[in-house]
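One file, coords-v3.txt, is given below (compact mmCIF, N, CA and C atoms).
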# COMPACT_ATOMS: atom_id res chain seq x y z
N MET I 197 28.39 45.83 90.00
CA MET I 197 27.82 44.96 88.99
C MET I 197 28.18 45.47 87.60
N PRO I 198 29.41 45.24 87.19
CA PRO I 198 29.86 45.72 85.89
C PRO I 198 29.22 44.96 84.72
N TRP I 199 28.63 43.83 84.98
CA TRP I 199 28.01 43.04 83.91
C TRP I 199 26.57 43.47 83.63
N LEU I 200 25.99 44.31 84.50
CA LEU I 200 24.58 44.69 84.36
C LEU I 200 24.27 45.39 83.03
N PRO I 201 25.05 46.39 82.60
CA PRO I 201 24.74 47.02 81.31
C PRO I 201 24.79 46.01 80.15
N SER I 202 25.76 45.11 80.19
CA SER I 202 25.85 44.09 79.13
C SER I 202 24.60 43.21 79.13
N ALA I 203 24.13 42.85 80.31
CA ALA I 203 22.94 42.00 80.40
C ALA I 203 21.70 42.74 79.90
N VAL I 204 21.62 44.03 80.20
CA VAL I 204 20.48 44.83 79.75
C VAL I 204 20.49 44.93 78.23
N TRP I 205 21.65 45.24 77.63
CA TRP I 205 21.72 45.36 76.17
C TRP I 205 21.47 44.02 75.50
N LEU I 206 21.95 42.94 76.10
CA LEU I 206 21.69 41.60 75.56
C LEU I 206 20.20 41.28 75.63
N ALA I 207 19.57 41.61 76.75
CA ALA I 207 18.13 41.37 76.89
C ALA I 207 17.34 42.19 75.87
N LEU I 208 17.73 43.45 75.69
CA LEU I 208 17.05 44.28 74.69
C LEU I 208 17.25 43.73 73.28
N LEU I 209 18.45 43.25 72.98
CA LEU I 209 18.73 42.65 71.68
C LEU I 209 17.81 41.46 71.44
N VAL I 210 17.66 40.63 72.45
CA VAL I 210 16.78 39.45 72.33
C VAL I 210 15.33 39.88 72.16
N VAL I 211 14.88 40.84 72.95
CA VAL I 211 13.48 41.30 72.86
C VAL I 211 13.20 41.90 71.48
N PHE I 212 14.09 42.79 71.02
CA PHE I 212 13.87 43.39 69.69
C PHE I 212 13.94 42.33 68.59
N GLY I 213 14.82 41.36 68.75
CA GLY I 213 14.90 40.27 67.77
C GLY I 213 13.62 39.44 67.74
N LEU I 214 13.07 39.15 68.92
CA LEU I 214 11.83 38.38 68.98
C LEU I 214 10.65 39.17 68.41
N VAL I 215 10.60 40.46 68.71
CA VAL I 215 9.54 41.30 68.15
C VAL I 215 9.64 41.32 66.63
N GLU I 216 10.85 41.44 66.11
CA GLU I 216 11.03 41.45 64.66
C GLU I 216 10.64 40.11 64.05
N ALA I 217 10.99 39.03 64.71
CA ALA I 217 10.64 37.71 64.20
C ALA I 217 9.12 37.50 64.23
N ALA I 218 8.46 38.06 65.22
CA ALA I 218 7.01 37.89 65.33
C ALA I 218 6.25 38.74 64.33
N THR I 219 6.77 39.91 64.01
CA THR I 219 6.04 40.81 63.12
C THR I 219 6.45 40.69 61.66
N VAL I 220 7.68 40.37 61.39
CA VAL I 220 8.24 40.25 60.04
C VAL I 220 7.86 41.47 59.19
N GLY I 221 7.96 42.65 59.78
CA GLY I 221 7.61 43.83 59.04
C GLY I 221 8.62 44.94 59.19
N LEU I 222 9.85 44.61 59.54
CA LEU I 222 10.89 45.59 59.78
C LEU I 222 10.42 46.64 60.78
N VAL I 223 9.97 46.17 61.91
CA VAL I 223 9.45 47.04 62.96
C VAL I 223 10.52 47.41 63.96
N SER I 224 11.32 46.44 64.36
CA SER I 224 12.28 46.71 65.43
C SER I 224 13.71 46.30 65.09
N ILE I 225 13.97 45.99 63.85
CA ILE I 225 15.32 45.56 63.47
C ILE I 225 16.34 46.66 63.71
N TRP I 226 15.88 47.92 63.59
CA TRP I 226 16.77 49.06 63.81
C TRP I 226 17.26 49.09 65.25
N PHE I 227 16.34 48.80 66.16
CA PHE I 227 16.68 48.82 67.58
C PHE I 227 17.52 47.61 67.96
N ALA I 228 17.33 46.50 67.26
CA ALA I 228 18.18 45.33 67.50
C ALA I 228 19.61 45.66 67.11
N ALA I 229 19.79 46.35 65.99
CA ALA I 229 21.14 46.75 65.57
C ALA I 229 21.75 47.71 66.58
N GLY I 230 20.95 48.64 67.07
CA GLY I 230 21.43 49.58 68.09
C GLY I 230 21.80 48.87 69.37
N SER I 231 21.00 47.90 69.76
CA SER I 231 21.29 47.13 70.98
C SER I 231 22.58 46.33 70.84
N LEU I 232 22.79 45.76 69.66
CA LEU I 232 24.02 45.00 69.42
C LEU I 232 25.23 45.93 69.50
N ALA I 233 25.12 47.10 68.90
CA ALA I 233 26.23 48.06 68.95
C ALA I 233 26.49 48.51 70.39
N ALA I 234 25.44 48.76 71.14
CA ALA I 234 25.60 49.16 72.54
C ALA I 234 26.21 48.02 73.37
N LEU I 235 25.78 46.79 73.08
CA LEU I 235 26.34 45.63 73.77
C LEU I 235 27.85 45.53 73.49
N LEU I 236 28.23 45.71 72.24
CA LEU I 236 29.66 45.66 71.89
C LEU I 236 30.43 46.81 72.52
N SER I 237 29.75 47.96 72.71
CA SER I 237 30.44 49.11 73.30
C SER I 237 30.76 48.90 74.78
N THR I 238 30.06 47.95 75.42
CA THR I 238 30.35 47.68 76.84
C THR I 238 31.75 47.09 77.01
N ILE I 239 32.31 46.56 75.93
CA ILE I 239 33.69 46.04 75.99
C ILE I 239 34.68 47.19 76.18
N PHE I 240 34.34 48.35 75.60
CA PHE I 240 35.28 49.47 75.58
C PHE I 240 35.00 50.54 76.62
N THR I 241 33.77 50.65 77.09
CA THR I 241 33.45 51.70 78.06
C THR I 241 32.39 51.23 79.04
N ASP I 242 32.49 51.77 80.26
CA ASP I 242 31.49 51.49 81.29
C ASP I 242 30.48 52.63 81.39
N ASN I 243 30.68 53.69 80.65
CA ASN I 243 29.81 54.86 80.71
C ASN I 243 28.47 54.55 80.02
N ILE I 244 27.41 54.52 80.81
CA ILE I 244 26.09 54.18 80.29
C ILE I 244 25.59 55.21 79.28
N TRP I 245 25.96 56.47 79.46
CA TRP I 245 25.50 57.53 78.55
C TRP I 245 26.12 57.38 77.17
N VAL I 246 27.37 56.93 77.13
CA VAL I 246 28.01 56.66 75.85
C VAL I 246 27.31 55.48 75.17
N GLN I 247 26.98 54.46 75.95
CA GLN I 247 26.29 53.30 75.41
C GLN I 247 24.91 53.66 74.86
N ILE I 248 24.19 54.51 75.59
CA ILE I 248 22.87 54.97 75.13
C ILE I 248 23.02 55.79 73.85
N ALA I 249 24.03 56.65 73.80
CA ALA I 249 24.27 57.45 72.60
C ALA I 249 24.58 56.56 71.40
N ILE I 250 25.38 55.52 71.62
CA ILE I 250 25.69 54.58 70.55
C ILE I 250 24.44 53.85 70.11
N PHE I 251 23.62 53.42 71.07
CA PHE I 251 22.35 52.75 70.75
C PHE I 251 21.48 53.64 69.87
N LEU I 252 21.30 54.90 70.28
CA LEU I 252 20.46 55.83 69.52
C LEU I 252 21.04 56.14 68.14
N ALA I 253 22.36 56.36 68.08
CA ALA I 253 22.99 56.70 66.81
C ALA I 253 22.90 55.55 65.81
N ILE I 254 23.20 54.35 66.24
CA ILE I 254 23.17 53.19 65.34
C ILE I 254 21.73 52.86 64.95
N SER I 255 20.80 52.98 65.89
CA SER I 255 19.39 52.73 65.55
C SER I 255 18.91 53.72 64.50
N ALA I 256 19.24 55.00 64.68
CA ALA I 256 18.82 56.02 63.71
C ALA I 256 19.50 55.80 62.36
N ALA I 257 20.78 55.46 62.37
CA ALA I 257 21.49 55.22 61.11
C ALA I 257 20.91 54.00 60.39
N ALA I 258 20.63 52.94 61.13
CA ALA I 258 20.05 51.74 60.52
C ALA I 258 18.68 52.06 59.92
N LEU I 259 17.90 52.85 60.63
CA LEU I 259 16.59 53.26 60.13
C LEU I 259 16.74 54.09 58.85
N ALA I 260 17.65 55.03 58.87
CA ALA I 260 17.84 55.93 57.72
C ALA I 260 18.39 55.20 56.49
N VAL I 261 19.23 54.20 56.69
CA VAL I 261 19.87 53.52 55.56
C VAL I 261 19.06 52.32 55.08
N VAL I 262 18.59 51.51 55.99
CA VAL I 262 17.97 50.25 55.61
C VAL I 262 16.51 50.42 55.19
N ARG I 263 15.79 51.30 55.82
CA ARG I 263 14.35 51.45 55.53
C ARG I 263 14.08 51.78 54.05
N PRO I 264 14.76 52.77 53.46
CA PRO I 264 14.49 53.03 52.04
C PRO I 264 14.84 51.85 51.13
N LEU I 265 15.93 51.16 51.45
CA LEU I 265 16.31 49.99 50.65
C LEU I 265 15.29 48.88 50.79
N ALA I 266 14.82 48.66 52.00
CA ALA I 266 13.83 47.62 52.24
C ALA I 266 12.52 47.93 51.53
N ARG I 267 12.10 49.18 51.57
CA ARG I 267 10.86 49.56 50.89
C ARG I 267 10.99 49.38 49.39
N LYS I 268 12.17 49.68 48.86
CA LYS I 268 12.39 49.56 47.42
C LYS I 268 12.31 48.11 46.97
N TYR I 269 12.90 47.20 47.73
CA TYR I 269 12.99 45.82 47.30
C TYR I 269 11.89 44.92 47.84
N LEU I 270 11.22 45.32 48.91
CA LEU I 270 10.20 44.46 49.50
C LEU I 270 8.78 44.88 49.17
N THR I 271 8.58 46.09 48.67
CA THR I 271 7.24 46.54 48.34
C THR I 271 6.80 45.87 47.04
N PRO I 272 5.63 45.22 47.06
CA PRO I 272 5.17 44.58 45.83
C PRO I 272 4.93 45.62 44.74
N ARG I 273 5.33 45.30 43.56
CA ARG I 273 5.16 46.24 42.45
C ARG I 273 3.73 46.17 41.95
N GLN I 274 3.14 47.34 41.77
CA GLN I 274 1.79 47.44 41.26
C GLN I 274 1.84 47.51 39.75
N VAL I 275 1.05 46.69 39.12
CA VAL I 275 0.99 46.69 37.68
C VAL I 275 -0.19 47.56 37.26
N ALA I 276 0.09 48.59 36.52
CA ALA I 276 -0.98 49.48 36.06
C ALA I 276 -1.77 48.78 34.97
N THR I 277 -3.10 48.80 35.11
CA THR I 277 -3.95 48.14 34.13
C THR I 277 -4.73 49.14 33.29
N ASN I 278 -4.72 50.39 33.69
CA ASN I 278 -5.47 51.43 33.00
C ASN I 278 -6.97 51.19 33.03
N ALA I 279 -7.44 50.27 33.86
CA ALA I 279 -8.87 49.99 33.96
C ALA I 279 -9.62 51.21 34.47
N ASP I 280 -8.98 52.00 35.30
CA ASP I 280 -9.67 53.17 35.86
C ASP I 280 -9.94 54.24 34.82
N ARG I 281 -9.41 54.08 33.61
CA ARG I 281 -9.68 55.06 32.55
C ARG I 281 -11.13 55.04 32.12
N VAL I 282 -11.85 53.94 32.39
CA VAL I 282 -13.25 53.85 31.98
C VAL I 282 -14.17 54.63 32.91
N ILE I 283 -13.70 54.92 34.12
CA ILE I 283 -14.54 55.64 35.08
C ILE I 283 -14.85 57.03 34.54
N GLY I 284 -16.14 57.37 34.54
CA GLY I 284 -16.58 58.65 34.04
C GLY I 284 -16.96 58.63 32.56
N ARG I 285 -16.62 57.57 31.86
CA ARG I 285 -16.95 57.48 30.44
C ARG I 285 -18.35 56.91 30.23
N GLU I 286 -18.91 57.19 29.08
CA GLU I 286 -20.21 56.63 28.74
C GLU I 286 -20.02 55.25 28.12
N ALA I 287 -21.02 54.39 28.34
CA ALA I 287 -20.97 53.02 27.84
C ALA I 287 -22.35 52.67 27.29
N VAL I 288 -22.39 51.63 26.47
CA VAL I 288 -23.65 51.14 25.92
C VAL I 288 -23.93 49.78 26.54
N VAL I 289 -25.15 49.62 27.04
CA VAL I 289 -25.53 48.35 27.66
C VAL I 289 -25.71 47.31 26.56
N THR I 290 -24.96 46.22 26.63
CA THR I 290 -25.05 45.15 25.63
C THR I 290 -25.90 44.00 26.12
N GLU I 291 -26.05 43.87 27.43
CA GLU I 291 -26.91 42.84 28.04
C GLU I 291 -27.63 43.52 29.19
N GLU I 292 -28.95 43.32 29.26
CA GLU I 292 -29.76 43.96 30.31
C GLU I 292 -29.10 43.83 31.68
N ILE I 293 -29.04 44.95 32.39
CA ILE I 293 -28.42 44.96 33.72
C ILE I 293 -29.51 44.77 34.76
N ASP I 294 -29.41 43.68 35.50
CA ASP I 294 -30.37 43.36 36.56
C ASP I 294 -29.57 42.83 37.75
N ASN I 295 -29.44 43.64 38.77
CA ASN I 295 -28.62 43.25 39.93
C ASN I 295 -29.18 42.02 40.64
N LEU I 296 -30.52 41.90 40.70
CA LEU I 296 -31.11 40.76 41.39
C LEU I 296 -30.82 39.45 40.67
N LYS I 297 -30.80 39.48 39.36
CA LYS I 297 -30.48 38.28 38.59
C LYS I 297 -28.97 38.09 38.46
N GLY I 298 -28.22 39.13 38.76
CA GLY I 298 -26.76 39.05 38.67
C GLY I 298 -26.29 39.02 37.23
N CYS I 299 -26.96 39.78 36.37
CA CYS I 299 -26.54 39.78 34.97
C CYS I 299 -26.42 41.22 34.48
N GLY I 300 -25.72 41.37 33.39
CA GLY I 300 -25.57 42.67 32.77
C GLY I 300 -24.17 42.85 32.22
N ALA I 301 -24.10 43.56 31.09
CA ALA I 301 -22.81 43.85 30.48
C ALA I 301 -22.90 45.16 29.73
N VAL I 302 -21.77 45.84 29.63
CA VAL I 302 -21.69 47.08 28.89
C VAL I 302 -20.43 47.06 28.03
N SER I 303 -20.44 47.90 27.01
CA SER I 303 -19.28 48.06 26.16
C SER I 303 -18.75 49.48 26.34
N VAL I 304 -17.48 49.57 26.74
CA VAL I 304 -16.82 50.87 26.91
C VAL I 304 -15.58 50.87 26.04
N GLY I 305 -15.58 51.70 25.05
CA GLY I 305 -14.42 51.79 24.17
C GLY I 305 -14.09 50.47 23.49
N GLY I 306 -15.11 49.68 23.18
CA GLY I 306 -14.90 48.40 22.52
C GLY I 306 -14.57 47.25 23.46
N VAL I 307 -14.51 47.51 24.75
CA VAL I 307 -14.22 46.47 25.73
C VAL I 307 -15.49 46.15 26.50
N ILE I 308 -15.81 44.86 26.60
CA ILE I 308 -17.01 44.42 27.31
C ILE I 308 -16.69 44.24 28.79
N TRP I 309 -17.55 44.83 29.62
CA TRP I 309 -17.42 44.72 31.08
C TRP I 309 -18.68 44.10 31.65
N THR I 310 -18.52 43.27 32.68
CA THR I 310 -19.66 42.85 33.47
C THR I 310 -20.11 44.08 34.24
N ALA I 311 -21.41 44.33 34.24
CA ALA I 311 -21.88 45.59 34.82
C ALA I 311 -23.00 45.35 35.82
N ARG I 312 -23.10 46.28 36.76
CA ARG I 312 -24.18 46.32 37.75
C ARG I 312 -24.66 47.76 37.84
N SER I 313 -25.94 47.90 38.15
CA SER I 313 -26.53 49.22 38.31
C SER I 313 -26.19 49.76 39.69
N ASP I 314 -25.73 50.98 39.74
CA ASP I 314 -25.38 51.60 41.01
C ASP I 314 -26.61 51.80 41.89
N SER I 315 -27.75 52.12 41.26
CA SER I 315 -28.98 52.39 42.02
C SER I 315 -29.83 51.14 42.21
N GLY I 316 -29.49 50.06 41.51
CA GLY I 316 -30.28 48.84 41.61
C GLY I 316 -31.37 48.74 40.56
N GLU I 317 -31.54 49.79 39.75
CA GLU I 317 -32.58 49.76 38.71
C GLU I 317 -32.19 48.81 37.59
N ILE I 318 -33.20 48.29 36.90
CA ILE I 318 -32.96 47.45 35.73
C ILE I 318 -32.73 48.38 34.55
N ILE I 319 -31.64 48.15 33.83
CA ILE I 319 -31.30 48.99 32.68
C ILE I 319 -31.32 48.09 31.45
N PRO I 320 -32.22 48.40 30.49
CA PRO I 320 -32.34 47.54 29.30
C PRO I 320 -31.16 47.69 28.35
N ALA I 321 -30.98 46.69 27.50
CA ALA I 321 -29.92 46.70 26.49
C ALA I 321 -30.15 47.88 25.54
N GLY I 322 -29.07 48.46 25.08
CA GLY I 322 -29.15 49.59 24.16
C GLY I 322 -29.10 50.95 24.84
N GLU I 323 -29.31 51.01 26.14
CA GLU I 323 -29.28 52.27 26.88
C GLU I 323 -27.84 52.76 27.00
N THR I 324 -27.70 54.07 27.14
CA THR I 324 -26.40 54.67 27.40
C THR I 324 -26.28 54.90 28.90
N VAL I 325 -25.16 54.50 29.46
CA VAL I 325 -24.92 54.64 30.91
C VAL I 325 -23.57 55.29 31.13
N LYS I 326 -23.34 55.72 32.37
CA LYS I 326 -22.06 56.32 32.73
C LYS I 326 -21.37 55.41 33.75
N ALA I 327 -20.09 55.13 33.52
CA ALA I 327 -19.32 54.29 34.43
C ALA I 327 -18.96 55.10 35.68
N LEU I 328 -19.31 54.55 36.85
CA LEU I 328 -19.07 55.27 38.11
C LEU I 328 -17.87 54.75 38.88
N ARG I 329 -17.76 53.42 38.98
CA ARG I 329 -16.65 52.85 39.76
C ARG I 329 -16.45 51.39 39.37
N ILE I 330 -15.34 50.85 39.79
CA ILE I 330 -15.03 49.45 39.55
C ILE I 330 -14.90 48.76 40.90
N GLU I 331 -15.58 47.64 41.05
CA GLU I 331 -15.43 46.79 42.24
C GLU I 331 -15.11 45.39 41.76
N GLY I 332 -13.88 44.97 42.00
CA GLY I 332 -13.45 43.67 41.50
C GLY I 332 -13.37 43.73 39.98
N VAL I 333 -14.20 42.91 39.30
CA VAL I 333 -14.23 42.92 37.85
C VAL I 333 -15.55 43.47 37.32
N LYS I 334 -16.31 44.07 38.21
CA LYS I 334 -17.61 44.63 37.81
C LYS I 334 -17.54 46.15 37.72
N LEU I 335 -18.19 46.66 36.68
CA LEU I 335 -18.29 48.09 36.47
C LEU I 335 -19.67 48.53 36.94
N PHE I 336 -19.71 49.46 37.88
CA PHE I 336 -20.98 49.99 38.36
C PHE I 336 -21.32 51.22 37.54
N VAL I 337 -22.56 51.23 37.04
CA VAL I 337 -22.99 52.27 36.11
C VAL I 337 -24.28 52.93 36.58
N ALA I 338 -24.56 54.08 35.99
CA ALA I 338 -25.82 54.79 36.24
C ALA I 338 -26.37 55.23 34.89
N SER I 339 -27.70 55.27 34.79
CA SER I 339 -28.36 55.72 33.57
C SER I 339 -28.00 57.16 33.27
N VAL I 340 -27.87 57.45 31.99
CA VAL I 340 -27.61 58.82 31.55
C VAL I 340 -28.94 59.37 31.03
N PRO I 341 -29.37 60.54 31.55
CA PRO I 341 -30.63 61.11 31.05
C PRO I 341 -30.52 61.40 29.55
N THR I 342 -31.57 61.07 28.82
CA THR I 342 -31.53 61.23 27.37
C THR I 342 -31.98 62.62 26.94
N GLY I 343 -32.69 63.34 27.78
CA GLY I 343 -33.16 64.67 27.44
C GLY I 343 -34.46 64.68 26.65
N LYS I 344 -35.04 63.49 26.42
CA LYS I 344 -36.30 63.37 25.68
C LYS I 344 -37.50 63.57 26.59
N GLU I 345 -37.26 63.64 27.87
CA GLU I 345 -38.38 63.69 28.81
C GLU I 345 -38.83 65.08 29.08
What would the structure in this file look like if it were written as structure tokens?
Amino acid sequence: MPWLPSAVWLALLVVFGLVEAATVGLVSIWFAAGSLAALLSTIFTDNIWVQIAIFLAISAAALAVVRPLARKYLTPRQVATNADRVIGREAVVTEEIDNLKGCGAVSVGGVIWTARSDSGEIIPAGETVKALRIEGVKLFVASVPTGKE
């Protein structure tokens, strides 16, 4: 059965192609390239070990060459907003923060943020708070002890 290795490599090529088409994440394209190379090698040699070596070599080469290029061009570019610079800074409450009412605002470095209390406490306007984290477009804050107590 001299056609058997060709049929196996063709079947593997189809399987890897279908997996790649189903995932669209560059999961098995390397192995599809290796399978194609191994399938073409059946024209020149009947030695299965040579075919397997070609499959492995081409798959590894495709992975090493194509993966970095694909990551470079297919990875969405992140736009830095510098919003995380407010984390850890002190802010002044400009509108009473009440999580139950869904209201509150603070000013950090001249920029107004919608704010929520991290602990759930109501924080009156004019208080100084510390920015803890950002969730979506809301800044979560905590009261800063004034030292008057």
To box segment 224-228 of chain I, take all atoms listed in the file, fit an axis-aligned box, add 3 Å on each side, and give centre and edge lengths in Å to one decimal, as JSON.
{"center_x": 15.5, "center_y": 47.2, "center_z": 65.7, "size_x": 14.3, "size_y": 9.8, "size_z": 10.5}
Could you write out, as a PyMOL selection string, all the residues of segment 232-318 of chain I that DSSP marks as helix (DSSP H, G or I)? chain I and resi 232-237+244-270+279-282
Which residue, I:Ala234, I:Ala327, I:Ala311, I:Leu200, has the smallest gap to Cys299 of chain I when you use only N, CA and C atoms? I:Ala311
Thr290 of chain I: which residues within 5 Å, counting all atoms listed in the file, same-chain residues fewer than 2 positions away excluded, as JSON, numbers by chain? {"I": [288, 292, 301, 302, 303, 321, 322]}
Length of the atom CA of Phe227 of chain I to atom CA of Ile244 of chain I vector [Å]: 16.7 Å
Can you list, as an MDAnalysis selection string, every residue of segment 224-329 of chain I that DSSP puts in strand (DSSP E)? chainID I and resid 286:294 299:304 307:313 324:329
May I ask which of the residues I:Ser231, I:Asp314, I:Ile319, I:Thr241 is the closest one to Phe336 of chain I, counting all atoms listed in the file?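 Closest to Phe336 of chain I, using all atoms listed in the file: I:Asp314.
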Which is closer to Val325 of chain I than all the others in I:Ile239, I:Ala338, I:Ala233, I:Ala258, using only N, CA and C atoms?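 When distances to Val325 of chain I are compared using only N, CA and C atoms, the smallest one comes from I:Ala338.
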Go ahead and compute the interatomic distance for atom N of Pro320 of chain I and atom CA of Asn278 of chain I, in Å to one decimal.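 Taking atom N of Pro320 of chain I as the start and atom CA of Asn278 of chain I as the end point, the length is 27.0 Å.
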Which is closer to Glu291 of chain I than all the others in I:Ala218, I:Ser339, I:Ile225, I:Glu323, using all atoms listed in the file?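 Comparing I:Ala218, I:Ser339, I:Ile225, I:Glu323 against Glu291 of chain I, the winner is I:Glu323.
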What is the distance between atom CA of Ser224 of chain I and atom CA of Asn243 of chain I, in Å to one decimal?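 So the two atoms, atom CA of Ser224 of chain I and atom CA of Asn243 of chain I, lie 24.6 Å apart.
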From the set I:Leu259, I:Leu222, I:Leu235, I:Ala266, which residue has the shortest atom-to-atom contact distance to Gln247 of chain I, counting only N, CA and C atoms?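 For Gln247 of chain I, the nearest of the given residues is I:Leu235.
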Which residues come within 7 Å of Val304 of chain I, counting only N, CA and C atoms, excluding same-chain residues fewer than 5 positions away, as number ranges by chain? I: 282, 286-288, 309
So which one's closest to Gly221 of chain I, I:Arg312, I:Asp280, I:Leu270, I:Gly306? Using only C-alpha atoms, please. I:Leu270
In the coordinate frame of the file, compute which residues have an atom within 7 Å of (-29.3, 58.0, 26.3) when using only N, CA and C atoms, and state them as a ChimeraX atom specification. /I:323-325,340-343
